[in-house]
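**Q** Input target-v6.csv, format and content: CSV, C-alpha atoms and all ligand atoms.
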```csv
chain,number,residue,atom,x,y,z
L,1,MET,CA,51.1,-9.6,-58.5
L,2,THR,CA,49.1,-6.6,-57.3
L,3,ALA,CA,46.7,-7.1,-54.4
L,4,ALA,CA,43.1,-6.4,-55.2
L,5,PRO,CA,41.9,-3.2,-53.6
L,6,SER,CA,40.1,-3.8,-50.4
L,7,SER,CA,36.4,-3.3,-50.5
L,8,THR,CA,36.5,-2.1,-46.9
L,9,SER,CA,38.7,0.8,-47.7
L,10,ASN,CA,37.8,4.1,-45.9
L,11,GLN,CA,35.8,5.2,-48.9
L,12,THR,CA,33.3,2.4,-48.5
L,13,VAL,CA,32.8,2.5,-44.8
L,14,LEU,CA,29.7,4.6,-44.3
L,15,CYS,CA,29.1,4.3,-40.5
L,16,GLY,CA,31.8,6.7,-39.3
L,17,ASN,CA,31.7,9.0,-42.3
L,18,GLY,CA,31.0,12.6,-41.2
L,19,PRO,CA,29.1,13.8,-44.3
L,20,ILE,CA,26.9,10.6,-44.2
L,21,ARG,CA,26.2,11.2,-40.5
L,22,ASP,CA,25.3,14.8,-41.4
L,23,SER,CA,22.7,13.6,-44.0
L,24,TRP,CA,19.0,13.0,-43.5
L,25,HIS,CA,18.1,9.3,-43.7
L,26,PRO,CA,14.6,7.8,-43.8
L,27,VAL,CA,14.3,5.2,-40.9
L,28,ALA,CA,10.5,4.5,-40.6
L,29,ARG,CA,7.1,5.2,-42.1
L,30,ALA,CA,5.4,8.0,-40.2
L,31,ILE,CA,2.3,5.9,-39.7
L,32,ASP,CA,4.4,3.2,-38.0
L,33,VAL,CA,5.7,5.6,-35.3
L,34,GLY,CA,3.1,6.7,-32.7
L,35,THR,CA,3.1,7.4,-29.1
L,36,ALA,CA,4.9,4.1,-28.2
L,37,PRO,CA,8.6,4.0,-28.6
L,38,VAL,CA,10.1,2.3,-31.7
L,39,ALA,CA,13.6,1.0,-32.1
L,40,VAL,CA,15.6,1.7,-35.3
L,41,THR,CA,19.3,1.6,-36.2
L,42,LEU,CA,21.0,4.2,-38.3
L,43,LEU,CA,24.7,4.0,-39.2
L,44,GLY,CA,25.4,1.6,-36.4
L,45,THR,CA,23.7,3.8,-33.8
L,46,LYS,CA,20.6,2.5,-32.0
L,47,VAL,CA,17.9,5.1,-32.0
L,48,VAL,CA,14.6,5.3,-30.2
L,49,LEU,CA,11.8,7.1,-32.0
L,50,TYR,CA,8.4,8.3,-31.0
L,51,ARG,CA,5.8,11.0,-31.7
L,52,SER,CA,5.6,13.7,-29.1
L,53,LEU,CA,2.3,15.2,-27.7
L,54,SER,CA,2.9,18.2,-30.1
L,55,GLY,CA,3.0,15.8,-33.1
L,56,ASP,CA,6.7,16.1,-33.8
L,57,PHE,CA,9.0,13.1,-33.9
L,58,VAL,CA,11.6,12.6,-31.2
L,59,ALA,CA,14.8,10.6,-31.9
L,60,ALA,CA,17.3,9.8,-29.2
L,61,PRO,CA,20.0,7.3,-28.5
L,62,ASP,CA,18.3,4.0,-27.6
L,63,ARG,CA,20.4,3.7,-24.5
L,64,CYS,CA,19.6,4.9,-21.0
L,65,PRO,CA,22.5,6.9,-19.5
L,66,HIS,CA,21.9,5.1,-16.1
L,67,ARG,CA,22.5,1.4,-16.9
L,68,GLU,CA,22.1,1.3,-20.7
L,69,ALA,CA,18.6,-0.2,-20.9
L,70,PRO,CA,17.0,0.1,-24.3
L,71,LEU,CA,14.6,3.0,-24.0
L,72,SER,CA,12.6,1.7,-26.9
L,73,LEU,CA,11.3,-1.0,-24.5
L,74,GLY,CA,9.9,1.7,-22.2
L,75,VAL,CA,6.7,3.6,-22.4
L,76,ILE,CA,5.5,7.2,-23.0
L,77,GLU,CA,3.6,8.6,-20.1
L,78,ASP,CA,2.4,12.3,-19.8
L,79,GLY,CA,4.6,13.1,-22.8
L,80,CYS,CA,7.8,11.6,-21.2
L,81,LEU,CA,9.8,8.6,-22.2
L,82,ILE,CA,10.1,6.3,-19.2
L,83,CYS,CA,13.0,3.8,-19.0
L,84,PRO,CA,11.8,0.2,-18.4
L,85,TYR,CA,14.7,-0.5,-16.0
L,86,HIS,CA,14.5,2.0,-13.1
L,87,GLY,CA,11.9,4.4,-14.4
L,88,TRP,CA,14.0,7.5,-15.1
L,89,SER,CA,11.9,9.8,-17.4
L,90,PHE,CA,13.0,12.0,-20.2
L,91,GLY,CA,11.3,15.0,-22.0
L,92,ASP,CA,11.0,15.6,-25.7
L,93,ASP,CA,14.2,17.6,-25.6
L,94,GLY,CA,16.1,14.6,-24.0
L,95,LYS,CA,16.2,16.3,-20.6
L,96,CYS,CA,16.0,13.8,-17.7
L,97,VAL,CA,13.1,15.1,-15.8
L,98,GLY,CA,12.6,12.4,-13.2
L,99,ILE,CA,14.6,9.9,-11.2
L,100,PRO,CA,12.2,8.0,-8.9
L,101,SER,CA,14.9,6.8,-6.6
L,102,SER,CA,16.3,10.3,-5.9
L,103,THR,CA,15.2,12.5,-3.1
L,104,GLU,CA,12.6,15.0,-4.2
L,105,GLY,CA,14.1,18.4,-5.2
L,106,VAL,CA,17.5,16.9,-6.1
L,107,PRO,CA,18.2,17.7,-9.8
L,108,PRO,CA,19.3,14.9,-12.1
L,109,PRO,CA,23.1,14.7,-12.7
L,110,PRO,CA,24.1,16.7,-15.8
L,111,ARG,CA,25.1,13.6,-17.7
L,112,ALA,CA,21.6,12.0,-17.2
L,113,HIS,CA,20.2,13.9,-20.2
L,114,LEU,CA,19.9,12.3,-23.7
L,115,ALA,CA,21.6,14.0,-26.6
L,116,THR,CA,18.6,13.9,-29.0
L,117,PHE,CA,19.0,13.7,-32.8
L,118,GLN,CA,17.2,15.9,-35.4
L,119,ALA,CA,14.1,14.2,-36.8
L,120,THR,CA,11.6,15.4,-39.3
L,121,GLU,CA,8.6,14.0,-41.4
L,122,LYS,CA,8.6,14.2,-45.2
L,123,PHE,CA,6.9,12.1,-47.9
L,124,GLY,CA,5.2,10.0,-45.2
L,125,LEU,CA,8.5,9.0,-43.7
L,126,VAL,CA,10.5,9.8,-40.6
L,127,TRP,CA,14.0,11.1,-41.4
L,128,VAL,CA,16.8,11.3,-38.9
L,129,CYS,CA,20.1,13.1,-39.0
L,130,LEU,CA,22.7,11.9,-36.5
L,131,GLY,CA,25.0,14.9,-37.0
L,132,GLU,CA,24.3,18.4,-38.3
L,133,PRO,CA,22.3,18.5,-41.6
L,134,LYS,CA,24.3,20.6,-44.1
L,135,VAL,CA,21.6,20.6,-46.8
L,136,PRO,CA,17.8,20.6,-46.5
L,137,LEU,CA,15.9,17.6,-47.6
L,138,PHE,CA,15.2,17.5,-51.4
L,139,ASP,CA,11.7,17.9,-52.7
L,140,ILE,CA,9.5,16.1,-55.2
L,141,ALA,CA,7.2,18.4,-57.2
L,142,GLU,CA,4.3,15.8,-57.3
L,143,GLU,CA,4.1,15.9,-53.5
L,144,HIS,CA,2.5,19.3,-53.9
L,145,ASP,CA,0.4,18.5,-57.0
L,146,PRO,CA,-3.2,17.6,-56.0
L,147,THR,CA,-3.7,15.5,-59.2
L,148,PHE,CA,-1.1,13.0,-57.7
L,149,ARG,CA,-1.6,10.6,-54.8
L,150,ARG,CA,1.3,9.4,-52.7
L,151,ILE,CA,1.7,5.7,-51.7
L,152,ASN,CA,4.2,4.6,-49.1
L,153,THR,CA,5.4,1.0,-48.9
L,154,PRO,CA,6.4,-0.6,-45.6
L,155,VAL,CA,10.1,-0.2,-44.6
L,156,GLU,CA,12.0,-3.5,-45.4
L,157,LEU,CA,15.3,-4.8,-44.1
L,158,TRP,CA,17.7,-5.8,-46.8
L,159,GLN,CA,20.9,-7.7,-46.1
L,160,THR,CA,23.0,-5.6,-48.4
L,161,SER,CA,24.8,-2.3,-48.4
L,162,ALA,CA,23.0,1.0,-49.2
L,163,THR,CA,25.8,1.6,-51.8
L,164,ARG,CA,24.9,-1.6,-53.7
L,165,MET,CA,21.3,-0.7,-53.6
L,166,SER,CA,21.7,2.8,-55.0
L,167,ASP,CA,24.1,1.5,-57.6
L,168,ASN,CA,21.4,-1.0,-58.6
L,169,PHE,CA,18.6,1.5,-58.7
L,170,CYS,CA,20.6,3.8,-61.1
L,171,ASP,CA,21.0,0.8,-63.5
L,172,ILE,CA,18.6,-0.3,-66.2
L,173,THR,CA,20.8,-2.9,-67.8
L,174,HIS,CA,19.7,-5.6,-65.3
L,175,PHE,CA,16.0,-5.2,-66.2
L,176,PRO,CA,15.9,-8.0,-68.9
L,177,TYR,CA,17.7,-10.4,-66.5
L,178,VAL,CA,16.7,-9.7,-62.9
L,179,HIS,CA,13.2,-8.5,-63.7
L,180,ILE,CA,12.4,-11.0,-66.4
L,181,ALA,CA,9.4,-12.3,-64.3
L,182,THR,CA,7.9,-8.8,-63.9
L,183,PHE,CA,8.5,-6.3,-66.6
L,184,GLY,CA,12.0,-6.9,-68.1
L,185,GLY,CA,11.2,-9.6,-70.6
L,186,ALA,CA,10.3,-7.2,-73.5
L,187,GLN,CA,13.3,-5.0,-73.1
L,188,ASP,CA,16.2,-4.9,-75.6
L,189,PRO,CA,19.3,-5.6,-73.6
L,190,HIS,CA,21.2,-3.1,-75.7
L,191,VAL,CA,21.2,0.4,-74.1
L,192,PRO,CA,21.5,3.4,-76.4
L,193,LYS,CA,23.9,6.1,-75.5
L,194,ILE,CA,23.2,7.6,-72.1
L,195,GLU,CA,23.2,11.4,-71.8
L,196,MET,CA,23.5,12.5,-68.2
L,197,GLY,CA,22.2,15.9,-67.0
L,198,PRO,CA,20.0,17.7,-64.4
L,199,LEU,CA,16.5,16.3,-64.4
L,200,ASP,CA,15.3,19.1,-62.1
L,201,GLU,CA,16.6,21.2,-59.3
L,202,HIS,CA,17.4,18.1,-57.1
L,203,PHE,CA,18.0,15.1,-59.4
L,204,TYR,CA,20.7,14.3,-61.9
L,205,GLY,CA,20.3,11.5,-64.3
L,206,TYR,CA,19.1,10.5,-67.8
L,207,ARG,CA,16.1,10.0,-70.0
L,208,TYR,CA,15.3,6.9,-71.9
L,209,GLU,CA,12.6,4.8,-73.6
L,210,VAL,CA,11.9,1.2,-72.9
L,211,LYS,CA,9.5,-1.5,-73.8
L,212,ALA,CA,8.0,-3.2,-70.8
L,213,ALA,CA,6.2,-6.5,-70.5
L,214,ASN,CA,2.7,-5.8,-69.3
L,215,SER,CA,1.0,-9.0,-68.1
L,216,GLY,CA,-0.8,-9.8,-64.9
L,217,VAL,CA,-0.2,-7.4,-62.0
L,218,ALA,CA,1.9,-5.1,-64.3
L,219,SER,CA,-1.3,-4.2,-66.2
L,220,VAL,CA,-2.9,-3.0,-63.0
L,221,SER,CA,-0.1,-0.5,-62.5
L,222,SER,CA,0.1,0.6,-66.1
L,223,GLY,CA,-3.7,0.8,-66.6
L,224,GLN,CA,-3.2,-0.8,-70.0
L,225,THR,CA,-4.0,-4.2,-71.4
L,226,GLU,CA,-1.5,-4.7,-74.3
L,227,SER,CA,1.1,-7.4,-73.5
L,228,VAL,CA,4.0,-5.0,-74.3
L,229,ILE,CA,3.9,-1.2,-73.7
L,230,ASP,CA,6.1,1.8,-74.1
L,231,ARG,CA,7.5,3.7,-71.2
L,232,ALA,CA,9.3,7.1,-71.4
L,233,MET,CA,11.4,7.1,-68.3
L,234,THR,CA,14.0,9.1,-66.3
L,235,THR,CA,16.3,7.7,-63.6
L,236,GLY,CA,18.4,10.0,-61.5
L,237,PHE,CA,19.8,10.4,-58.0
L,238,THR,CA,20.4,12.9,-55.3
L,239,MET,CA,23.0,12.4,-52.5
L,240,PRO,CA,23.6,10.2,-50.8
L,241,PHE,CA,21.3,7.2,-51.4
L,242,VAL,CA,18.2,8.6,-53.1
L,243,VAL,CA,17.3,7.3,-56.5
L,244,ARG,CA,14.1,8.3,-58.4
L,245,SER,CA,12.6,6.8,-61.6
L,246,THR,CA,9.8,8.5,-63.4
L,247,ILE,CA,7.6,6.5,-65.8
L,248,ALA,CA,5.3,8.3,-68.4
L,249,TYR,CA,2.9,6.1,-70.3
L,250,ASN,CA,1.4,7.3,-73.5
L,251,THR,CA,-2.0,7.3,-71.8
L,252,GLY,CA,-0.9,10.3,-69.8
L,253,LEU,CA,-0.4,8.3,-66.6
L,254,SER,CA,2.7,9.2,-64.6
L,255,HIS,CA,4.2,6.9,-62.0
L,256,ILE,CA,7.1,8.3,-60.0
L,257,ILE,CA,9.1,6.0,-57.8
L,258,LEU,CA,11.5,7.1,-55.1
L,259,MET,CA,13.9,4.3,-54.1
L,260,LEU,CA,15.3,4.9,-50.6
L,261,SER,CA,18.2,3.1,-49.1
L,262,THR,CA,19.3,3.7,-45.5
L,263,PRO,CA,22.5,2.2,-44.0
L,264,ILE,CA,21.6,0.4,-40.8
L,265,ASP,CA,25.3,-0.5,-40.9
L,266,ASP,CA,27.7,-1.0,-43.8
L,267,VAL,CA,26.2,-4.2,-45.0
L,268,THR,CA,22.5,-4.0,-43.8
L,269,SER,CA,20.0,-1.4,-44.9
L,270,TYR,CA,16.4,-0.3,-44.8
L,271,PHE,CA,14.6,0.0,-48.1
L,272,THR,CA,11.3,1.7,-48.9
L,273,PHE,CA,9.5,3.0,-52.0
L,274,VAL,CA,7.6,6.2,-52.2
L,275,ILE,CA,5.3,6.4,-55.2
L,276,TRP,CA,3.3,9.2,-56.7
L,277,ARG,CA,0.6,8.6,-59.4
L,278,ASN,CA,-1.8,10.9,-61.3
L,279,ASP,CA,-4.3,8.1,-61.8
L,280,ASP,CA,-8.1,8.3,-61.1
L,281,PHE,CA,-7.6,6.6,-57.7
L,282,SER,CA,-9.9,3.8,-58.7
L,283,VAL,CA,-7.3,1.1,-58.0
L,284,SER,CA,-6.4,0.5,-54.4
L,285,ALA,CA,-2.9,1.6,-53.2
L,286,GLU,CA,-2.2,-2.1,-52.3
L,287,GLU,CA,-2.9,-3.2,-55.8
L,288,VAL,CA,-0.8,-0.4,-57.3
L,289,ILE,CA,2.2,-1.2,-55.1
L,290,ARG,CA,2.0,-5.0,-55.5
L,291,PHE,CA,3.8,-4.7,-58.8
L,292,ASP,CA,6.6,-2.3,-57.5
L,293,LEU,CA,7.1,-4.6,-54.4
L,294,ALA,CA,7.5,-7.6,-56.7
L,295,ILE,CA,10.1,-5.7,-58.7
L,296,GLY,CA,11.9,-4.6,-55.4
L,297,ALA,CA,11.9,-8.2,-54.2
L,298,GLU,CA,13.7,-9.3,-57.4
L,299,ASP,CA,16.5,-6.7,-56.8
L,300,LYS,CA,16.7,-7.8,-53.1
L,301,VAL,CA,17.3,-11.4,-54.1
L,302,MET,CA,20.2,-10.4,-56.4
L,303,LEU,CA,21.8,-7.9,-54.1
L,304,GLU,CA,21.7,-10.2,-51.1
L,305,ARG,CA,23.8,-12.6,-53.1
L,306,LEU,CA,26.7,-10.1,-53.5
L,307,ASP,CA,29.3,-10.0,-50.7
L,308,GLY,CA,30.2,-6.9,-48.7
L,309,VAL,CA,30.0,-3.3,-49.7
L,310,LEU,CA,30.3,-1.8,-53.2
L,311,PRO,CA,33.8,-0.8,-54.0
L,312,LEU,CA,33.5,2.9,-54.6
L,313,ASP,CA,36.9,3.6,-56.3
L,314,GLN,CA,36.9,3.8,-60.1
L,315,THR,CA,39.2,0.9,-60.7
L,316,THR,CA,38.0,-2.2,-58.8
L,317,LEU,CA,34.9,-2.7,-60.8
L,318,VAL,CA,34.6,-2.8,-64.6
L,319,SER,CA,32.0,-0.5,-66.1
L,320,VAL,CA,30.7,0.2,-69.6
L,321,GLN,CA,28.9,3.1,-71.3
L,322,ALA,CA,25.5,1.7,-70.1
L,323,ASP,CA,26.7,2.0,-66.5
L,324,LYS,CA,27.2,5.8,-66.8
L,325,CYS,CA,24.5,6.8,-64.3
L,326,SER,CA,25.7,4.5,-61.5
L,327,VAL,CA,29.4,5.4,-62.2
L,328,GLU,CA,28.5,9.1,-62.0
L,329,TRP,CA,26.5,8.5,-58.7
L,330,ARG,CA,29.5,6.7,-57.3
L,331,ARG,CA,31.9,9.5,-58.3
L,332,ARG,CA,29.7,12.1,-56.7
L,333,LEU,CA,29.3,10.0,-53.6
L,334,ILE,CA,33.0,9.7,-53.1
L,335,GLU,CA,33.2,13.5,-53.4
L,336,TYR,CA,30.3,13.9,-51.1
L,337,MET,CA,31.9,11.7,-48.5
L,338,GLY,CA,35.0,13.8,-48.7
L,339,GLY,CA,37.1,11.1,-50.5
G,401,LIG,S1,18.8,1.9,-16.9
G,401,LIG,FE1,17.3,3.4,-17.3
G,401,LIG,S2,16.7,4.0,-15.4
G,401,LIG,FE2,18.2,2.6,-15.0
G,402,FE,FE,16.0,-3.5,-60.4
```
Could you rewrite the structure in this file as structure tokens?
Ligand code: FES
Ligand SMILES: [Fe+2]
**A**
Amino acid sequence: MTAAPSSTSNQTVLCGNGPIRDSWHPVARAIDVGTAPVAVTLLGTKVVLYRSLSGDFVAAPDRCPHREAPLSLGVIEDGCLICPYHGWSFGDDGKCVGIPSSTEGVPPPPRAHLATFQATEKFGLVWVCLGEPKVPLFDIAEEHDPTFRRINTPVELWQTSATRMSDNFCDITHFPYVHIATFGGAQDPHVPKIEMGPLDEHFYGYRYEVKAANSGVASVSSGQTESVIDRAMTTGFTMPFVVRSTIAYNTGLSHIILMLSTPIDDVTSYFTFVIWRNDDFSVSAEEVIRFDLAIGAEDKVMLERLDGVLPLDQTTLVSVQADKCSVEWRRRLIEYMGG
């Protein structure tokens, strides 16, 4: 008897993987990070985040070099991060600039400084790279189009791996099952042949048409009143855990959804949506996102029922033609991770 391949093979362990550490990951909504320190965890590393006096974000290890106190429990005073334990202070570049217990004029020991991480703001989110970013962050054309508005949802914590999430977001065949209570009830479970290709400069995926149930809160999002409506959609990905779906309604309304998964560790993740819409802005952002949040909650319930990480090799899981997008994302992720 052949032993089943382990789902904790090197390919599926994200935390120590160099290329994943060298990638940008969204860790918080920009509006949730101000001049008070905030604690996040990325790839098993505890990180303290705050906005500096210059308006830039600062990300540093959430561990004081003195006695390991969490710096996220400290305060920012005069632009410096102050440790809550013995009051050592750190500048935006991580330099230790003050040790209250030391004699004036004695410089801090060289190892008292924090090795900060790169942090940047994009699409209303704070992105952090623990290593050296090899590629710039991708772009979304609608971010620069004044006819579109952007809506960010709060960052949620999901008890599942980022790999299972991205796999799910590439997949439309679960719509009539997992999303039966929101929009999936009108969809034919049979998926026509999927043709993969570049969707634009950054995203690779496929185009398709679906019928969507359109009752209740769904009709607010679609701006239509019929019980079943047509959607022309694309779904595609960019490395490592970014999936985008675009929905075009025949009224001219476009609804772009970015689905972002960030590994807190191998089996826990942050999740957030970023949405762009070319509507007339008459419906509140809260109402628009209520429908997407309800859909996300359905995925979360299912994914949290699955054990461990997604096996990334091509033989452990069984796939069919309709899984083409998630299989291709998985293949490219293995390559990306150097597997
Ligand atoms: S642990 Fe931070 S100053 Fe002592
Ligand atoms: Fe889903």
**Q** Rounded to one decimal, what separation in Å do you get between atom FE of ligand FE 402 (chain G) and CA of Asp299 (chain L)?
**A**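 Interatomic distance here is 4.8 Å.
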**Q** Which distance in Å separates CA of Phe183 (chain L) and CA of Gly296 (chain L), to one decimal?
**A** 11.8 Å
**Q** Can you work out which residues are within 7 Å of ligand FE 402 (chain G), considering only C-alpha atoms and all ligand atoms, and then hand them over as a PyMOL selection string?
**A** chain L and resi 168-169+174-175+178-179+295-296+298-299
**Q** Please report, as a Markdown table, each residue of chain L lying at most 6 Å from ligand LIG 401 (chain G), together with the nearest pair of atoms and the separation in Å rounded to one decimal; use only C-alpha atoms and all ligand atoms, and order rows by chain and ascending residue number.
**A**
```
| residue | atom | partner | partner_atom | distance |
| --- | --- | --- | --- | --- |
| L:Cys64 | CA | G:LIG401 | FE1 | 4.6 |
| L:His66 | CA | G:LIG401 | S1 | 4.5 |
| L:Arg67 | CA | G:LIG401 | S1 | 3.7 |
| L:Glu68 | CA | G:LIG401 | S1 | 5.1 |
| L:Ala69 | CA | G:LIG401 | S1 | 4.5 |
| L:Cys83 | CA | G:LIG401 | FE1 | 4.6 |
| L:Tyr85 | CA | G:LIG401 | FE2 | 4.8 |
| L:His86 | CA | G:LIG401 | S2 | 3.8 |
| L:Gly87 | CA | G:LIG401 | S2 | 4.9 |
| L:Trp88 | CA | G:LIG401 | S2 | 4.4 |
```
**Q** So which residues touch Val191 (chain L) within 9 Å, counting all atoms listed in the file, skipping near sequence neighbours fewer than 6 positions away, as a PyMOL selection string?
**A** chain L and resi 172-173+321-322
**Q** Work out where the centre of an axis-aligned box around every listed atom of region 17-27 of chain L lies and how long its edges are once 3 Å is added on each side; give both in Å to one decimal as JSON.
**A**
```
{"center_x": 23.0, "center_y": 10.0, "center_z": -42.4, "size_x": 23.4, "size_y": 15.6, "size_z": 9.8}
```
**Q** Could you give me, as a PyMOL selection string, the residues that have an atom at most 12 Å away from the point (22.1, 6.4, -22.8) in the coordinates of the file, using only C-alpha atoms?
**A** chain L and resi 45-48+60-72+83+88+90+94-96+111-116
**Q** Tell me, in Å to one decimal, how far CA of Leu14 (chain L) is from CA of Tyr336 (chain L).
**A**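 Straight-line distance from CA of Leu14 (chain L) to CA of Tyr336 (chain L) works out to 11.5 Å.
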**Q** Of the candidates L:Leu310, L:Val75, L:Val220, L:Val210, which one gets nearest to Ala285 (chain L) if we count all atoms listed in the file?
**A**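 When distances to Ala285 (chain L) are compared using all atoms listed in the file, the smallest one comes from L:Val220.
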**Q** Could you pull the residues within 9 Å of region 118-124 of chain L, counting all atoms listed in the file, minus those fewer than 2 positions along the same chain, as a PDB file with C-alpha atoms, keeping the file's coordinate frame?
**A**
```pdb
ATOM      1  CA  TRP L  24      19.000  13.000 -43.500  1.00  0.00           C
ATOM      2  CA  PRO L  26      14.600   7.800 -43.800  1.00  0.00           C
ATOM      3  CA  ALA L  28      10.500   4.500 -40.600  1.00  0.00           C
ATOM      4  CA  ARG L  29       7.100   5.200 -42.100  1.00  0.00           C
ATOM      5  CA  ALA L  30       5.400   8.000 -40.200  1.00  0.00           C
ATOM      6  CA  ILE L  31       2.300   5.900 -39.700  1.00  0.00           C
ATOM      7  CA  LEU L  49      11.800   7.100 -32.000  1.00  0.00           C
ATOM      8  CA  ASP L  56       6.700  16.100 -33.800  1.00  0.00           C
ATOM      9  CA  PHE L  57       9.000  13.100 -33.900  1.00  0.00           C
ATOM     10  CA  VAL L  58      11.600  12.600 -31.200  1.00  0.00           C
ATOM     11  CA  ALA L  59      14.800  10.600 -31.900  1.00  0.00           C
ATOM     12  CA  ALA L  60      17.300   9.800 -29.200  1.00  0.00           C
ATOM     13  CA  THR L 116      18.600  13.900 -29.000  1.00  0.00           C
ATOM     14  CA  VAL L 126      10.500   9.800 -40.600  1.00  0.00           C
ATOM     15  CA  TRP L 127      14.000  11.100 -41.400  1.00  0.00           C
ATOM     16  CA  VAL L 128      16.800  11.300 -38.900  1.00  0.00           C
ATOM     17  CA  CYS L 129      20.100  13.100 -39.000  1.00  0.00           C
ATOM     18  CA  LEU L 130      22.700  11.900 -36.500  1.00  0.00           C
ATOM     19  CA  GLY L 131      25.000  14.900 -37.000  1.00  0.00           C
ATOM     20  CA  GLU L 132      24.300  18.400 -38.300  1.00  0.00           C
ATOM     21  CA  PRO L 133      22.300  18.500 -41.600  1.00  0.00           C
ATOM     22  CA  LEU L 137      15.900  17.600 -47.600  1.00  0.00           C
ATOM     23  CA  ASP L 139      11.700  17.900 -52.700  1.00  0.00           C
ATOM     24  CA  ILE L 140       9.500  16.100 -55.200  1.00  0.00           C
ATOM     25  CA  GLU L 143       4.100  15.900 -53.500  1.00  0.00           C
ATOM     26  CA  ARG L 150       1.300   9.400 -52.700  1.00  0.00           C
ATOM     27  CA  ILE L 151       1.700   5.700 -51.700  1.00  0.00           C
ATOM     28  CA  ASN L 152       4.200   4.600 -49.100  1.00  0.00           C
ATOM     29  CA  VAL L 274       7.600   6.200 -52.200  1.00  0.00           C
TER      30      VAL L 274
END
```
**Q** So, with all atoms listed in the file as the atoms that count, which of L:Asp292, L:Tyr50, L:Val13, L:His25 lies closest to Phe241 (chain L)?
**A**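 Smallest distance to Phe241 (chain L) is found for L:His25.
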**Q** Using all atoms listed in the file, what residues lie at most 8 Å away from (21.2, 9.1, -62.4) (file coordinates), given as a list in words?
**A**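 Nearby residues: Cys170, Met196, Phe203, Tyr204, Gly205, Tyr206, Thr235, Gly236, Phe237, Val243, Cys325, Ser326, Glu328 and Trp329 of chain L.
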**Q** How would the residues just chosen look if you wrote them out with C-alpha atoms as a tab-separated table (two decimals), keeping the file's coordinate frame?
**A**
```tsv
chain	number	residue	atom	x	y	z
L	170	CYS	CA	20.60	3.80	-61.10
L	196	MET	CA	23.50	12.50	-68.20
L	203	PHE	CA	18.00	15.10	-59.40
L	204	TYR	CA	20.70	14.30	-61.90
L	205	GLY	CA	20.30	11.50	-64.30
L	206	TYR	CA	19.10	10.50	-67.80
L	235	THR	CA	16.30	7.70	-63.60
L	236	GLY	CA	18.40	10.00	-61.50
L	237	PHE	CA	19.80	10.40	-58.00
L	243	VAL	CA	17.30	7.30	-56.50
L	325	CYS	CA	24.50	6.80	-64.30
L	326	SER	CA	25.70	4.50	-61.50
L	328	GLU	CA	28.50	9.10	-62.00
L	329	TRP	CA	26.50	8.50	-58.70
```
